[in-house]
Amino acid sequence: MFHKILFSFSAIVGSFFVMTANSYAGDAVRFEIDAPAVATLGEAIDVTVKAVDSDGNVDKNYGGSIIFSTNNIGDIVPMPGRSIKFEAENAGVYKFSKGVTFKNIKGKRKLVVFDSDGKDIEGAVQILVEEGAQTGGADDVEVKILSPQMNGAIKGSVVTVSGKTRKNSKVRIFLNGKEVKTVISDKDGTFTLPLSGLTLSDNVLKAEVLDAENKAIGSSKEVKFSKTEDAISFYGLIVLPGTTLTGSTDMTLNVKAMKGLSEVIVTLDGSAIALKEAKPGNYTTTTKAPSKTGSYMLDVQMKTETGEKSEKKGVTKIEVIAPKKPKEPETPQPEIPTPPTPTQKQAEFKNIKTETLNNIGKVIFTFELENAPEDLGFFKINYGEDPKNMMGEVLTHEAKSIKKGDLYSWYVPNLRQGDYVFQITALDKNKEPIKEVVSEIIKATIGKDACTISNVGPVSVETNQTKSVLSWDRVEGASGYNLYKVSPSGEYTLFQKTVDPSYTLFLSQGSIVYEDFAVKAVCADGTESKDYSNASKVQTGPGAIAFIVILSAFIGLLVFRRKKV
């Protein structure tokens with residue numbers, strides 16, 4: 001009997017120690033790397049590094065630093081050549097979203113992570129890298145712009161561009177022939193980019209998908225859309241054969257606007273000229289140019305069948321010139337010695353200043369160019385970590401377009417943390433370097449990367465007789481959330497800040513009003529998530545906003561009195 005009791009006690013004690021050993025992880029002895037088994041050249045993939053002990057348990061107290069490497073020069077890894085520290089909030093698991101991109105060659109690739117603090121801890125994973133479709137012709141990879149639609153119209157100056165292409169790929173967006181920004185498609189191949197500040201009535205969008213070398217491997221069709229701010233859409237006035245005319249000659253006026261207008265009138269030099277709709281949305285007439293020479297502004301008045309009116313002042317200007325006189329025989333003139341051409345003083349960069357935006361990895365340059373050459377067209381900024389090996393290069397817009405007063409201004413974006421050197425070179429109108437017009441070496445440091453935070457997911461709305469409650473999933477690492485009201489024209493206005501993943505709007509009795517709201521997550525340093533959540537239609541009431549203001553003021557008063565006490 002005694003032996004049975006002793007055996008049972010030993011079994012219980014042994015089980016306790018086994019349970020205790022399994023409940024607490026020891027110190028990390030290796031890294032486990034979670035990554036796709038197969039990747040495509042140029043595709044940005046997610047990688048997660050776990051610090052684990054000998055039993056495979058995550059060491060939540062691991063606070064060392066790691067360095068990434070691969071067996072191929074040219075691959076993109078997080079913070080290449082620099083250590084990345086595990087912080088307390090990582091709890092032994094560090095996720096790198098779109099952190100690794102394989103370049104140049106296909107085949108088996110070894111991704112290695114090792115401890116940079118002198119501890120004998122490392123981990124590795126083998127990934128098969130395939131060529132995919134990016135090595136083909138320029139049309140091998142499909143990319144489509146889904147919004148806005150072809151020949152669509154928007155109101156206001158804000159539009160969200162969205163489309164589909166290959167997953168996890170860089171997509172370069174062009175607006176009216178100029179590059180706007182490069183974004184990365186998500187795991188489903190969807191890409192989005194909000195554009196604001198549209199000024200032109202007619203606009204053209206285009207998207208290109210890029211390979212690992214930033215070369216276009218697919219191009220969308222051009223999508224044309226218009227912008228209007230009133231009830232009558234107006235797209236422009238064309239004068240033929242041109243805006244410079246001889247007095248009293250024939251000219252054709254062509255107004256492009258919404259179809260079906262009852263009246264379109266062009267005012268020129270005090271005369272009202274009526275146009276007729278020759279084709280849907282195309283109003284035209286032929287008339288005479290003024291007989292007197294000079295400049296004339298043209299105004300356009302439009303009217304709908306329902307009486308709505310719109311007037312566009314100073315739409316275009318024409319120049320009326322006198323008829324050309326026949327040439328008279330030239331009288332030989334005595335040759336006059338040509339005075340010597342004054343020597344052009346050497347151009348020189350002066351007052352170069354830099355501004356570093358650490359949170360987005362950008363360095364802004366302002367500078368003067370004394371004795372600027374007549375053929376000055378552009379500038380280029382070379383940069384790198386070593387003055388003898390500045391591999392990076394940024395080309396500015398035309399020099400005259402980036403000049404304000406005596407100062408030129410341009411920037412180098414997307415820099416990682418570290419010390420950099422820069423050098424500015426003047427280029428002619430053919431983008432060729434102008435001899436000896438080069439700045440001194442400029443130094444700048446990009447500090448610690450800014451806080452980043454994921455986007456807020458879907459927002460749900462529950463409404464009863466007294467209130468509407470908005471709620472969403474909590475975003476990891478968020479210190480709070482910003483609630484935005486979305487106007488009918490698509491403009492976002494900050495409405496309320498909250499630390500919880502929900503917000504309550506109280507309704508006034510018997511009122512039924514619907515408004516759109518969207519949410520962004522916020523880091524501890526105030527940085528917002530990149531994109532808004534999808535806009536949600538919420539029932540509010542005329543008294544809802546007033547109630548929130550009163551409630552906020554009341555809570556603020558209580559807090560103030562509490563602090564004062």
# chains A, B, ... in the order shown; residues from 1 in each chain; ligands from 1

$ closest_atom_pairs --of "segment 249-367 of chain A" --to "segment 373-388 of chain A" --cutoff "10 Å" --atoms "only C-alpha atoms" --output "tab-separated table"
residue	atom	partner	partner_atom	distance
A:Gln344	CA	A:Pro373	CA	8.2
A:Lys345	CA	A:Pro373	CA	8.9
A:Gln346	CA	A:Pro373	CA	8.4
A:Ala347	CA	A:Pro373	CA	6.7
A:Glu348	CA	A:Pro373	CA	9.9
A:Phe365	CA	A:Ile381	CA	9.6

$ residues_around --residues "Ala274 of chain A" --least-positions-apart "6" --cutoff "7 Å" --atoms "only C-alpha atoms" --output "compact mmCIF listing (two decimals) with C-alpha atoms, in the first residue's frame"
# COMPACT_ATOMS: atom_id res chain seq x y z
CA VAL A 264 -24.70 78.09 -75.79
CA ILE A 265 -23.40 81.64 -76.41
CA VAL A 266 -19.83 82.89 -76.83

$ select_by_dssp --residues "segment 245-476 of chain A" --states "strand (DSSP E or B)" --output "PyMOL selection string"
chain A and resi 245-246+250-257+263-268+271-279+282-288+294-303+309-321+348-357+362-370+376-384+392-395+403-404+407-412+418-428+433-438+442-446+460-463+467-471

$ closest_residue --among "A:Lys108, A:Lys520, A:Lys119, A:Lys429" --to "Asp473 of chain A" --atoms "only C-alpha atoms"
A:Lys520

$ closest_residue --among "A:Thr466, A:Thr527, A:Thr252, A:Ser196" --to "Asn359 of chain A" --atoms "only C-alpha atoms"
A:Thr527

$ select_by_dssp --residues "segment 301-502 of chain A" --states "helix (DSSP H, G or I)" --output "PyMOL selection string"
chain A and resi 358-360+399-402

$ write_last_selection --atoms "N, CA and C atoms" --output "CSV table (one decimal), in the first residue's frame"
chain,number,residue,atom,x,y,z
A,358,ASN,N,12.0,62.6,-41.4
A,358,ASN,CA,12.4,61.3,-40.9
A,358,ASN,C,11.2,60.3,-41.1
A,359,ASN,N,10.0,60.8,-40.8
A,359,ASN,CA,8.8,59.9,-40.8
A,359,ASN,C,8.5,59.3,-42.1
A,360,ILE,N,8.9,60.0,-43.2
A,360,ILE,CA,8.7,59.4,-44.6
A,360,ILE,C,9.9,59.2,-45.4
A,399,ALA,N,13.6,73.0,-64.7
A,399,ALA,CA,14.2,73.9,-63.7
A,399,ALA,C,13.3,75.1,-63.5
A,400,LYS,N,12.7,75.7,-64.5
A,400,LYS,CA,11.9,76.9,-64.3
A,400,LYS,C,10.6,76.6,-63.5
A,401,SER,N,10.1,75.3,-63.5
A,401,SER,CA,8.9,75.0,-62.8
A,401,SER,C,9.2,74.7,-61.3
A,402,ILE,N,10.4,74.5,-60.9
A,402,ILE,CA,10.7,74.2,-59.5
A,402,ILE,C,11.4,75.4,-58.8

$ closest_residue --among "A:Val93, A:Pro326, A:Glu440, A:Thr160" --to "Asn351 of chain A" --atoms "only C-alpha atoms"
A:Glu440

$ atom_distance --atom1 "atom CA of Gly405 of chain A" --atom2 "atom CA of Ile364 of chain A"
17.0 Å

$ atom_distance --atom1 "atom CA of Phe225 of chain A" --atom2 "atom CA of Glu179 of chain A"
17.2 Å

$ closest_residue --among "A:Glu87, A:Ile154, A:Met251, A:Leu245" --to "Ser489 of chain A" --atoms "only C-alpha atoms"
A:Ile154

$ residues_around --residues "Tyr503 of chain A" --least-positions-apart "3" --cutoff "10 Å" --atoms "only C-alpha atoms" --output "PyMOL selection string"
chain A and resi 461+468-472+481+483+496-500

$ residues_around --residues "segment 50-62 of chain A" --least-positions-apart "5" --cutoff "12 Å" --atoms "only C-alpha atoms" --output "PyMOL selection string"
chain A and resi 21-35+85-96+113-115+117+119+121-124

$ write_last_selection --atoms "C-alpha atoms" --output "short mmCIF file (atom, residue, chain, number, x, y, z; two decimals), in the first residue's frame"
data_model
loop_
_atom_site.label_atom_id
_atom_site.label_comp_id
_atom_site.auth_asym_id
_atom_site.auth_seq_id
_atom_site.Cartn_x
_atom_site.Cartn_y
_atom_site.Cartn_z
CA ALA A 21 8.38 23.26 -18.18
CA ASN A 22 5.91 23.42 -21.04
CA SER A 23 4.28 26.62 -19.75
CA TYR A 24 7.42 28.79 -19.83
CA ALA A 25 9.76 29.17 -22.81
CA GLY A 26 13.51 29.23 -22.28
CA ASP A 27 16.03 31.57 -23.95
CA ALA A 28 15.96 31.67 -27.76
CA VAL A 29 18.39 29.28 -29.48
CA ARG A 30 17.29 29.71 -33.10
CA PHE A 31 15.04 31.73 -35.43
CA GLU A 32 12.07 30.31 -37.32
CA ILE A 33 11.20 32.11 -40.58
CA ASP A 34 7.65 32.02 -41.94
CA ALA A 35 7.68 32.85 -45.67
CA LYS A 85 16.03 45.30 -32.80
CA PHE A 86 13.22 43.25 -31.29
CA GLU A 87 11.22 45.55 -28.99
CA ALA A 88 9.09 44.51 -26.01
CA GLU A 89 5.88 44.85 -28.05
CA ASN A 90 7.21 42.29 -30.59
CA ALA A 91 7.05 39.59 -27.87
CA GLY A 92 9.54 37.44 -29.79
CA VAL A 93 7.69 37.67 -33.14
CA TYR A 94 8.61 40.31 -35.77
CA LYS A 95 6.52 40.58 -38.96
CA PHE A 96 7.91 42.34 -42.04
CA VAL A 113 18.50 35.74 -40.32
CA PHE A 114 21.16 35.89 -37.58
CA ASP A 115 21.62 37.62 -34.22
CA ASP A 117 24.62 41.03 -30.81
CA LYS A 119 24.82 35.41 -29.72
CA ILE A 121 21.42 32.35 -32.91
CA GLU A 122 20.37 32.12 -36.54
CA GLY A 123 17.72 30.71 -38.83
CA ALA A 124 17.29 30.08 -42.54
#

$ residues_around --residues "Val204 of chain A" --least-positions-apart "6" --cutoff "8 Å" --atoms "only C-alpha atoms" --output "VMD selection string"
chain A and resid 175 to 177 222 to 225
